[in-house]
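Structure file query-v2.txt; described as compact mmCIF, C-alpha atoms.
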```
# COMPACT_ATOMS: atom_id res chain seq x y z
CA MET A 1 -4.48 -23.17 71.71
CA THR A 2 -4.03 -26.26 69.61
CA GLY A 3 -4.55 -29.85 70.72
CA ILE A 4 -7.14 -31.49 72.95
CA GLN A 5 -9.76 -29.07 74.26
CA GLY A 6 -11.97 -30.18 77.15
CA SER A 7 -11.77 -33.91 76.56
CA THR A 8 -14.29 -35.83 78.65
CA GLN A 9 -14.21 -39.44 79.71
CA PHE A 10 -17.18 -41.81 79.49
CA GLY A 11 -16.95 -45.52 80.16
CA PHE A 12 -19.10 -48.56 80.62
CA SER A 13 -18.92 -52.08 81.94
CA ASP A 14 -19.64 -54.73 79.32
CA LEU A 15 -20.44 -57.77 81.45
CA ASP A 16 -21.50 -59.89 78.49
CA LEU A 17 -18.22 -59.94 76.59
CA ALA A 18 -19.16 -61.07 73.10
CA VAL A 19 -16.90 -63.39 71.15
CA ALA A 20 -15.21 -61.11 68.61
CA ALA A 21 -13.27 -61.93 65.50
CA ASP A 22 -9.92 -61.76 67.30
CA SER A 23 -6.68 -62.87 65.73
CA GLY A 24 -3.14 -62.33 66.96
CA LEU A 25 -3.02 -58.97 68.71
CA GLN A 26 -6.14 -57.67 66.96
CA VAL A 27 -9.52 -57.18 68.67
CA ARG A 28 -12.63 -56.41 66.61
CA ASP A 29 -16.15 -55.08 67.14
CA GLN A 30 -16.03 -53.84 70.72
CA LYS A 31 -18.57 -51.36 72.04
CA ILE A 32 -16.93 -48.24 73.44
CA PHE A 33 -19.82 -45.71 73.66
CA ARG A 34 -23.53 -45.32 73.01
CA VAL A 35 -26.31 -42.81 72.44
CA GLY A 36 -27.63 -41.26 75.65
CA THR A 37 -27.27 -38.53 78.27
CA PHE A 38 -24.19 -38.97 80.44
CA THR A 39 -22.26 -37.06 83.08
CA SER A 40 -18.52 -37.46 82.64
CA MET A 41 -15.89 -37.96 85.34
CA ASN A 42 -15.35 -34.19 85.06
CA HIS A 43 -19.02 -33.52 85.95
CA GLN A 44 -19.93 -32.45 82.42
CA THR A 45 -23.38 -33.55 81.26
CA ARG A 46 -24.16 -33.88 77.56
CA VAL A 47 -26.75 -35.50 75.34
CA TRP A 48 -25.05 -37.74 72.76
CA THR A 49 -27.02 -38.52 69.61
CA SER A 50 -26.38 -40.87 66.72
CA ASP A 51 -25.37 -37.80 64.69
CA ASP A 52 -22.69 -37.04 67.31
CA LEU A 53 -21.35 -40.59 67.02
CA ASP A 54 -21.32 -40.36 63.22
CA LEU A 55 -19.36 -37.11 63.42
CA ALA A 56 -16.90 -38.70 65.84
CA VAL A 57 -16.34 -41.49 63.29
CA GLU A 58 -15.86 -38.96 60.47
CA ASN A 59 -13.37 -36.91 62.53
CA PHE A 60 -11.44 -40.05 63.53
CA TYR A 61 -10.65 -40.80 59.88
CA LYS A 62 -10.07 -37.16 58.91
CA LEU A 63 -7.44 -36.68 61.59
CA ARG A 64 -5.88 -40.09 60.99
CA ASP A 65 -5.65 -39.74 57.21
CA ALA A 66 -4.23 -36.22 57.50
CA ASN A 67 -1.59 -37.53 59.95
CA ILE A 68 -2.77 -35.06 62.59
CA VAL A 69 -3.81 -37.72 65.13
CA PRO A 70 -2.57 -40.90 63.47
CA ASN A 71 -2.41 -42.99 66.65
CA VAL A 72 -5.26 -43.02 69.17
CA PRO A 73 -4.00 -44.77 72.32
CA LEU A 74 -5.50 -47.62 74.31
CA ARG A 75 -4.36 -47.31 77.93
CA GLU A 76 -4.54 -49.01 81.26
CA ASP A 77 -6.41 -46.29 83.20
CA HIS A 78 -6.87 -42.63 82.21
CA THR A 79 -3.44 -40.98 82.05
CA GLN A 80 -1.41 -38.88 79.66
CA SER A 81 1.65 -41.12 79.92
CA ILE A 82 3.06 -43.21 77.08
CA LYS A 83 4.17 -45.82 79.64
CA ASP A 84 0.52 -46.80 80.22
CA VAL A 85 -0.27 -47.40 76.52
CA VAL A 86 -1.18 -51.03 75.79
CA GLY A 87 -2.46 -50.64 72.22
CA TYR A 88 -3.92 -48.36 69.56
CA ILE A 89 -7.40 -47.99 68.06
CA THR A 90 -7.40 -48.92 64.37
CA ASN A 91 -11.05 -48.35 63.35
CA VAL A 92 -14.30 -46.92 64.70
CA ARG A 93 -17.86 -47.17 63.40
CA ARG A 94 -21.43 -46.55 64.52
CA PHE A 95 -23.97 -49.32 64.32
CA GLY A 96 -27.39 -48.62 65.79
CA ASP A 97 -27.06 -46.72 69.03
CA PHE A 98 -23.52 -47.90 69.67
CA LEU A 99 -20.02 -46.80 68.75
CA PHE A 100 -17.79 -49.77 67.97
CA ALA A 101 -14.01 -49.92 67.71
CA ASP A 102 -11.24 -52.25 66.60
CA TRP A 103 -7.86 -52.08 68.22
CA GLU A 104 -4.47 -53.76 68.28
CA PHE A 105 -2.50 -54.55 71.42
CA THR A 106 1.21 -53.73 71.41
CA SER A 107 2.30 -56.90 73.19
CA GLN A 108 1.19 -60.49 73.61
CA ALA A 109 1.24 -60.03 77.41
CA ASP A 110 -1.39 -57.29 77.21
CA LYS A 111 -3.47 -59.31 74.76
CA GLU A 112 -3.42 -62.19 77.25
CA LYS A 113 -4.79 -59.88 79.97
CA TRP A 114 -7.68 -59.07 77.65
CA ASP A 115 -8.25 -62.73 76.82
CA ALA A 116 -8.26 -63.53 80.54
CA LYS A 117 -10.96 -60.84 81.01
CA LYS A 118 -8.86 -58.83 83.43
CA TRP A 119 -9.82 -55.63 81.59
CA ARG A 120 -13.64 -55.62 81.51
CA ASN A 121 -14.65 -51.98 81.96
CA ARG A 122 -13.84 -49.55 79.17
CA SER A 123 -13.93 -45.74 79.29
CA ILE A 124 -13.78 -43.56 76.18
CA GLU A 125 -11.93 -40.24 76.01
CA ILE A 126 -13.92 -38.03 73.66
CA GLY A 127 -13.93 -34.29 73.12
CA ALA A 128 -12.77 -31.44 70.91
CA TYR A 129 -9.44 -31.19 69.09
CA ILE A 130 -8.05 -28.00 67.52
CA ALA A 131 -5.45 -28.44 64.78
CA ASN A 132 -2.49 -26.15 64.26
CA ASP A 133 -4.32 -24.20 61.54
CA GLY A 134 -7.16 -23.43 63.97
CA THR A 135 -9.62 -25.99 62.56
CA LYS A 136 -11.78 -27.42 65.36
CA TYR A 137 -12.94 -31.03 65.25
CA ASP A 138 -15.69 -31.93 67.71
CA PRO A 139 -16.28 -34.59 68.83
CA VAL A 140 -13.12 -36.70 68.38
CA VAL A 141 -12.26 -40.11 69.82
CA LEU A 142 -8.99 -39.29 71.60
CA GLY A 143 -8.39 -42.47 73.55
CA LEU A 144 -9.80 -45.48 75.34
CA ALA A 145 -8.87 -46.72 78.82
CA PHE A 146 -9.49 -49.80 80.91
CA VAL A 147 -10.88 -48.61 84.26
CA ASP A 148 -12.49 -49.96 87.43
CA HIS A 149 -15.70 -47.88 87.50
CA PRO A 150 -16.75 -46.24 84.21
CA ALA A 151 -19.18 -43.35 83.78
CA VAL A 152 -21.55 -45.10 81.33
CA GLU A 153 -22.98 -47.92 83.37
CA GLY A 154 -25.17 -50.88 82.54
CA LEU A 155 -24.24 -51.78 78.97
CA TYR A 156 -25.51 -55.31 78.44
CA ARG A 157 -26.38 -55.67 82.09
CA ILE A 158 -29.20 -58.22 82.26
CA ALA A 159 -31.98 -57.35 84.70
CA ASN A 160 -33.76 -59.94 86.83
CA SER A 161 -36.66 -60.19 84.39
CA GLY A 162 -34.24 -60.87 81.56
CA GLU A 163 -34.78 -57.71 79.53
CA ASP A 164 -31.85 -55.96 77.90
CA MET A 165 -30.77 -52.86 79.85
CA ALA A 166 -28.36 -51.66 77.16
CA THR A 167 -30.13 -48.31 76.64
CA ASP A 168 -33.10 -46.42 78.01
CA THR A 169 -35.09 -47.36 74.90
CA LYS A 170 -34.31 -51.06 75.26
CA THR A 171 -32.20 -51.26 72.13
CA PRO A 172 -32.28 -54.92 71.00
CA ALA A 173 -29.16 -56.91 71.73
CA ALA A 174 -29.21 -58.02 68.11
CA GLN A 175 -27.67 -54.67 67.14
CA VAL A 176 -24.15 -56.09 67.10
CA PRO A 177 -22.19 -55.86 63.84
CA PRO A 178 -21.15 -59.13 62.19
CA ALA A 179 -17.82 -60.63 63.21
CA ASP A 180 -16.26 -59.43 59.95
CA PRO A 181 -18.19 -56.23 59.04
CA PRO A 182 -17.89 -54.64 55.62
CA ALA A 183 -15.71 -51.57 55.25
CA THR A 184 -18.88 -49.43 55.36
CA PRO A 185 -21.71 -50.90 57.51
CA PRO A 186 -25.21 -50.47 56.08
CA ALA A 187 -27.29 -47.65 57.50
CA GLU A 188 -30.23 -48.52 59.77
CA PRO A 189 -33.55 -48.84 57.95
CA PRO A 190 -35.55 -45.72 58.93
CA ALA A 191 -39.22 -45.79 59.88
CA THR A 192 -40.00 -43.34 57.09
CA PRO A 193 -37.87 -43.06 53.95
CA PRO A 194 -35.69 -39.92 54.47
CA PRO A 195 -32.52 -39.41 52.41
CA ALA A 196 -30.15 -42.34 52.74
CA GLU A 197 -27.92 -42.17 55.79
CA PRO A 198 -24.24 -41.67 54.86
CA PRO A 199 -21.90 -44.57 55.59
CA ALA A 200 -20.71 -44.68 59.20
CA GLU A 201 -17.19 -45.56 58.08
CA PRO A 202 -15.49 -43.99 55.05
CA PRO A 203 -14.28 -46.30 52.31
CA ALA A 204 -10.68 -47.43 52.15
CA GLU A 205 -9.90 -44.59 49.75
CA ALA A 206 -11.07 -41.48 51.63
CA THR A 207 -13.16 -39.19 49.40
CA GLN A 208 -12.47 -36.11 51.54
CA PRO A 209 -9.21 -34.32 50.81
CA PRO A 210 -6.72 -34.53 53.65
CA VAL A 211 -6.53 -31.50 55.90
CA GLN A 212 -3.24 -29.78 55.15
CA GLN A 213 -1.22 -29.35 58.36
CA PRO A 214 2.34 -28.38 59.20
CA GLU A 215 4.74 -31.26 59.68
CA PRO A 216 4.41 -32.42 63.32
CA VAL A 217 7.28 -31.49 65.60
CA GLY A 218 8.23 -34.17 68.13
CA ALA A 219 5.81 -36.77 69.38
CA HIS A 220 2.72 -34.53 69.37
CA GLY A 221 3.68 -31.69 67.02
CA ASN A 222 2.70 -28.34 68.49
CA ALA A 223 -0.39 -29.74 70.17
CA GLN A 224 -0.91 -29.03 73.84
CA PHE A 225 -2.62 -31.78 75.80
CA GLN A 226 -4.82 -30.95 78.77
CA VAL A 227 -4.53 -33.34 81.70
CA GLN A 228 -7.97 -34.03 83.13
CA SER A 229 -7.21 -35.39 86.60
CA PHE A 230 -4.47 -35.46 89.23
CA ARG A 231 -3.75 -37.50 92.33
CA LEU A 232 -3.16 -35.57 95.57
CA ASP A 233 -2.56 -37.41 98.84
CA GLY A 234 -3.93 -40.59 97.27
CA VAL A 235 -7.18 -38.94 96.07
CA GLU A 236 -7.96 -38.23 92.40
CA VAL A 237 -9.04 -34.61 91.82
CA ASN A 238 -9.76 -32.49 88.76
CA ASP A 239 -9.97 -29.09 90.46
CA TYR A 240 -7.13 -27.11 88.89
CA ALA A 241 -7.30 -24.43 91.61
CA ARG A 242 -6.76 -27.12 94.26
CA VAL A 243 -3.83 -28.55 92.31
CA GLN A 244 -2.22 -25.11 92.02
CA GLN A 245 -2.78 -24.52 95.74
CA HIS A 246 -1.03 -27.81 96.52
CA ILE A 247 1.92 -26.84 94.31
CA THR A 248 2.14 -23.44 96.01
CA GLU A 249 2.13 -25.10 99.44
CA LEU A 250 4.97 -27.42 98.46
CA GLU A 251 7.03 -24.62 96.92
CA THR A 252 6.51 -22.41 99.99
CA PHE A 253 7.47 -25.23 102.36
CA ARG A 254 10.59 -25.98 100.33
CA THR A 255 11.67 -22.34 100.22
CA GLU A 256 11.05 -21.76 103.92
CA SER A 257 12.91 -24.95 104.89
CA ILE A 258 15.96 -23.96 102.83
CA ASP A 259 15.94 -20.38 104.13
CA SER A 260 15.58 -21.58 107.73
CA ALA A 261 18.52 -24.01 107.46
CA ARG A 262 20.73 -21.36 105.86
CA ALA A 263 19.80 -18.75 108.46
CA ALA A 264 20.58 -21.24 111.25
CA PHE A 265 24.02 -21.84 109.77
CA VAL A 266 24.79 -18.10 109.67
CA ASP A 267 23.48 -17.71 113.24
CA GLY A 268 25.84 -20.51 114.27
CA LEU A 269 28.77 -18.64 112.77
CA VAL A 270 27.81 -15.55 114.76
CA SER A 271 27.25 -17.42 118.02
CA GLY A 272 30.50 -19.31 117.48
CA LYS A 273 32.29 -15.97 117.09
CA VAL A 274 33.54 -16.96 113.64
CA ILE A 275 31.98 -13.81 112.16
CA THR A 276 30.69 -10.58 113.65
CA GLY A 277 27.06 -9.65 114.13
CA PRO A 278 27.07 -7.13 111.24
CA GLN A 279 28.64 -9.77 109.02
CA GLY A 280 25.87 -12.14 110.03
CA VAL A 281 23.22 -9.64 108.90
CA ALA A 282 24.92 -9.32 105.52
CA PHE A 283 25.34 -13.10 105.19
CA HIS A 284 21.64 -13.66 105.92
CA GLY A 285 20.78 -11.74 102.77
CA LEU A 286 23.59 -13.32 100.77
CA VAL A 287 22.75 -16.98 101.42
CA LYS A 288 19.17 -16.46 100.20
CA THR A 289 20.49 -15.65 96.73
CA MET A 290 22.72 -18.73 96.44
CA ASN A 291 21.87 -21.91 94.58
CA ALA A 292 22.51 -25.28 96.21
CA ASP A 293 26.08 -25.65 94.91
CA GLN A 294 27.04 -22.13 95.91
CA PHE A 295 25.72 -22.59 99.44
CA THR A 296 27.57 -25.90 99.80
CA ALA A 297 30.81 -24.16 98.81
CA PHE A 298 30.00 -21.35 101.25
CA LYS A 299 29.54 -23.80 104.14
CA THR A 300 32.69 -25.69 103.27
CA GLY A 301 34.69 -22.49 103.51
CA PHE A 302 33.71 -22.10 107.17
CA GLU A 303 34.11 -25.79 108.09
CA GLY A 304 36.27 -26.05 111.26
CA MET A 305 37.17 -22.34 111.23
CA ALA A 306 38.38 -20.97 114.56
CA PRO A 307 36.94 -17.80 116.11
CA ALA A 308 38.18 -14.57 114.63
CA ASN A 309 41.09 -12.88 116.40
CA LEU A 310 38.78 -10.01 117.17
CA PHE A 311 37.07 -12.19 119.74
CA GLY A 312 40.22 -13.61 121.34
CA LYS A 313 41.37 -12.76 124.87
CA HIS A 314 44.30 -10.36 124.75
CA ASP A 315 46.78 -9.19 127.33
CA LEU A 316 45.89 -5.51 127.72
CA GLY A 317 48.98 -4.72 129.79
CA GLN A 318 47.52 -5.94 133.05
CA GLY A 319 49.79 -8.96 133.13
CA GLY A 320 46.95 -11.48 132.66
CA THR A 321 46.76 -14.33 130.15
CA PRO A 322 43.69 -16.25 129.06
CA ALA A 323 43.06 -19.39 131.04
CA PRO A 324 43.46 -22.65 129.06
CA GLY A 325 39.94 -23.63 130.11
CA ASP A 326 38.46 -20.53 128.48
CA ALA A 327 39.99 -21.39 125.09
CA ALA A 328 38.66 -24.95 125.26
CA GLU A 329 35.18 -23.74 126.19
CA ASP A 330 35.20 -21.27 123.32
CA ARG A 331 36.25 -23.98 120.88
CA ILE A 332 33.55 -26.36 122.14
CA SER A 333 30.96 -23.60 121.70
CA ILE A 334 32.06 -23.08 118.10
CA LEU A 335 32.01 -26.78 117.32
CA GLN A 336 28.57 -27.17 118.87
CA GLY A 337 27.29 -24.42 116.61
CA ILE A 338 28.79 -26.09 113.53
CA VAL A 339 27.34 -29.49 114.46
CA ALA A 340 23.92 -27.91 115.11
CA ASN A 341 23.95 -26.40 111.65
CA HIS A 342 24.88 -29.73 110.11
CA ARG A 343 21.89 -31.32 111.86
CA ALA A 344 19.62 -28.52 110.63
CA THR A 345 20.38 -29.52 107.06
CA GLY A 346 18.95 -33.01 107.69
CA ILE A 347 22.26 -34.87 107.57
CA SER A 348 22.22 -38.41 108.92
CA GLU A 349 24.00 -39.19 112.20
CA ASP A 350 26.33 -41.58 110.40
CA ASP A 351 27.44 -38.89 107.96
CA LEU A 352 27.63 -36.32 110.75
CA ALA A 353 29.98 -38.60 112.73
CA LYS A 354 32.48 -38.42 109.85
CA LYS A 355 32.74 -34.61 109.97
CA SER A 356 35.96 -33.26 111.46
CA SER A 357 34.00 -30.75 113.55
CA PHE A 358 31.96 -33.55 115.15
CA ILE A 359 35.05 -35.66 115.85
CA GLU A 360 36.87 -32.70 117.42
CA LEU A 361 33.83 -31.86 119.54
CA GLN A 362 33.64 -35.40 120.91
CA THR A 363 37.36 -35.35 121.72
CA LEU A 364 37.17 -32.03 123.60
CA THR A 365 34.01 -32.85 125.55
CA SER A 366 35.30 -36.29 126.58
CA SER A 367 38.55 -34.80 127.90
CA LYS A 368 36.82 -32.33 130.21
```

Output the structure of this file as C-alpha cells.
Amino acid sequence: MTGIQGSTQFGFSDLDLAVAADSGLQVRDQKIFRVGTFTSMNHQTRVWTSDDLDLAVENFYKLRDANIVPNVPLREDHTQSIKDVVGYITNVRRFGDFLFADWEFTSQADKEKWDAKKWRNRSIEIGAYIANDGTKYDPVVLGLAFVDHPAVEGLYRIANSGEDMATDTKTPAAQVPPADPPATPPAEPPATPPPAEPPAEPPAEATQPPVQQPEPVGAHGNAQFQVQSFRLDGVEVNDYARVQQHITELETFRTESIDSARAAFVDGLVSGKVITGPQGVAFHGLVKTMNADQFTAFKTGFEGMAPANLFGKHDLGQGGTPAPGDAAEDRISILQGIVANHRATGISEDDLAKKSSFIELQTLTSSK
C-alpha cells in the first residue's frame, strides 16, 4: 500500500518562544522535534537519534524535489482535513539535538494568531511513507499541528534552579541556529575527529537525482492516507476495532429502525383490512428490498385506500344490510392504522395534521 504508513505524532510545548526572523507570513527557525525516547499519542515508543533526524531532513527534500510530497501541511490540531490547514512547511534542518523548521502561513489571520501566541504547543507528524514504485522512506516529516497537550514535553521549560530542561543531557540553550542560517548549517564539532558529518540540509541544487514517480492523480496521487485517531461520543480514540464496532452498531440500528417502520406499515394495512394476511406476509419481504424512494411510492399508493371488497359486509340473502355505524367504525379503524404508520416513520405532528387520512380521522371521530 502506498502513502503514509504508521505515522506517529510527537509534540512539545515551547514556553520560551524565541524571537525568529519572521517576515510577512514566513516563520523561521522553530523547534519541532528533538533527540530522545518518546511514546507517541498512539502508544508507540521509539528512540530517536540525531541520525534519525538527519534522515528525516534528507527524506523531506527527496520527496519534495521529486514532487511526491511537495506540500507538508501545518494544521490546527491533528486531522486529515484540508479545512484545518493553516500553512505549509518550507524547510527543515537538524542543529544539535533539535529538528528545526521554517513554514509559511496561508493567511494573515492565521499569522496573527501565531504572533499573539495563541498556538504555543506544536506536535510533529513523523513516520514512514511508501511511494507508488514501492520505495519506502522512513522517517518522513508528514505534518505539524498546533495542539493543547503534546507528547514531547518540557522543551525549554525552566526548572526552579534555573537549569535548562530541554533534554535529558541538559543540551545548552545556545544550540539555536542563527536568525538567518546558511543553506547548509555547519556540522557539530565532534569530540574526536571522525569523518565530517554531511550537511543537515541539502544545497539549493539537490545533488541526488529525483526519484522518478508516476504523475500524481488528484490531490494525493494514488497515495492512501491512514487516519490515526477518531472521535466517538466526544472521546478521541485510535482503536480501529472499536471504531468498526461503533460503525456496525450504527448500521444495525439504522437497518432495524427502517425494517421496523416498514413492517408496522404493512401490519397496519392488514389490520385495516386493506390487504389480506397472505398479502401482508408477501409485502413484509418485499418492503425490505426497496430503497427509500421505492418505499415512499409504495406507501403513497395505499394512502387513504378503503378496505378491500373482500372484507365488506354483504347481504347473503337473509334480508340484512350492514349498519351505518359498522361502516364508520371500519373506516376509523383503517384511518387509525394509517396514522399510526405515519407516526412510526417519525413524521412531525404538524406534517401529520396535513395528511388527508389524519383529517378524515378527526372528522369521523368528532362526529361520533

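With CA of Ser260 (chain A) on one side and CA of Ala344 (chain A) on the other, the separation reads 8.5 Å.
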
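Compared by their closest atoms to Asn67 (chain A), and using all atoms listed in the file, the residues A:Phe95, A:Arg120, A:Ile126, A:Ala131 rank with A:Ala131 nearest.
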
With all atoms listed in the file as the basis for distance, which of A:Arg331, A:Arg262, A:Thr276, A:Trp119 is at the shortest distance from Lys299 (chain A)?
A:Arg262

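Take CA of Asp233 (chain A) and CA of Phe253 (chain A): the distance between them is 16.2 Å.
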
Taking all atoms of region 230-236 of chain A that the file lists, what box with edges along x, y and z, padded by 6 Å per side, do you get, with centre and edge lengths in Å to one decimal, as AutoDock Vina command-line options?
```
--center_x -5.3 --center_y -38.0 --center_z 94.0 --size_x 17.4 --size_y 17.1 --size_z 21.6
```

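Take CA of Val85 (chain A) and CA of Leu99 (chain A): the distance between them is 21.2 Å.
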
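The nearest approach to Phe295 (chain A) among the residues A:Phe105, A:Tyr129, A:Phe283, A:Phe100, with only C-alpha atoms taken into account, belongs to A:Phe283.
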
Generate the coordinates of N, CA and C atoms for region 69-90 of chain A; report them as a CSV table (one decimal), in the frame of the given file.
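Once everything was written out, this is rebuild.csv:
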```
chain,number,residue,atom,x,y,z
A,69,VAL,N,-3.7,-36.8,64.0
A,69,VAL,CA,-3.8,-37.7,65.1
A,69,VAL,C,-3.8,-39.1,64.5
A,70,PRO,N,-2.6,-39.6,64.1
A,70,PRO,CA,-2.6,-40.9,63.5
A,70,PRO,C,-2.7,-42.1,64.4
A,71,ASN,N,-2.4,-41.9,65.7
A,71,ASN,CA,-2.4,-43.0,66.6
A,71,ASN,C,-3.3,-42.6,67.9
A,72,VAL,N,-4.4,-43.3,68.0
A,72,VAL,CA,-5.3,-43.0,69.2
A,72,VAL,C,-5.0,-44.1,70.2
A,73,PRO,N,-4.5,-43.8,71.4
A,73,PRO,CA,-4.0,-44.8,72.3
A,73,PRO,C,-5.1,-45.5,73.1
A,74,LEU,N,-4.7,-46.8,73.4
A,74,LEU,CA,-5.5,-47.6,74.3
A,74,LEU,C,-4.6,-47.8,75.6
A,75,ARG,N,-5.2,-47.4,76.7
A,75,ARG,CA,-4.4,-47.3,77.9
A,75,ARG,C,-5.0,-48.1,79.1
A,76,GLU,N,-4.1,-48.4,80.0
A,76,GLU,CA,-4.5,-49.0,81.3
A,76,GLU,C,-4.7,-47.8,82.2
A,77,ASP,N,-6.0,-47.4,82.4
A,77,ASP,CA,-6.4,-46.3,83.2
A,77,ASP,C,-6.2,-45.0,82.4
A,78,HIS,N,-6.9,-43.9,82.9
A,78,HIS,CA,-6.9,-42.6,82.2
A,78,HIS,C,-5.6,-41.9,82.7
A,79,THR,N,-4.6,-41.8,81.8
A,79,THR,CA,-3.4,-41.0,82.0
A,79,THR,C,-3.0,-40.3,80.8
A,80,GLN,N,-2.0,-39.5,80.9
A,80,GLN,CA,-1.4,-38.9,79.7
A,80,GLN,C,0.0,-39.4,79.4
A,81,SER,N,0.3,-40.6,80.0
A,81,SER,CA,1.6,-41.1,79.9
A,81,SER,C,1.8,-42.2,78.9
A,82,ILE,N,2.8,-42.2,78.1
A,82,ILE,CA,3.1,-43.2,77.1
A,82,ILE,C,3.3,-44.6,77.7
A,83,LYS,N,3.8,-44.5,79.0
A,83,LYS,CA,4.2,-45.8,79.6
A,83,LYS,C,2.9,-46.7,79.9
A,84,ASP,N,1.7,-46.1,79.9
A,84,ASP,CA,0.5,-46.8,80.2
A,84,ASP,C,-0.2,-47.3,79.0
A,85,VAL,N,0.4,-47.0,77.8
A,85,VAL,CA,-0.3,-47.4,76.5
A,85,VAL,C,-0.1,-48.9,76.3
A,86,VAL,N,-1.2,-49.6,76.0
A,86,VAL,CA,-1.2,-51.0,75.8
A,86,VAL,C,-1.6,-51.4,74.4
A,87,GLY,N,-2.0,-50.4,73.6
A,87,GLY,CA,-2.5,-50.6,72.2
A,87,GLY,C,-2.9,-49.4,71.5
A,88,TYR,N,-3.4,-49.5,70.3
A,88,TYR,CA,-3.9,-48.4,69.6
A,88,TYR,C,-5.2,-48.7,68.8
A,89,ILE,N,-6.1,-47.8,68.8
A,89,ILE,CA,-7.4,-48.0,68.1
A,89,ILE,C,-7.1,-47.9,66.6
A,90,THR,N,-7.6,-48.9,65.8
A,90,THR,CA,-7.4,-48.9,64.4
A,90,THR,C,-8.6,-48.5,63.6
```
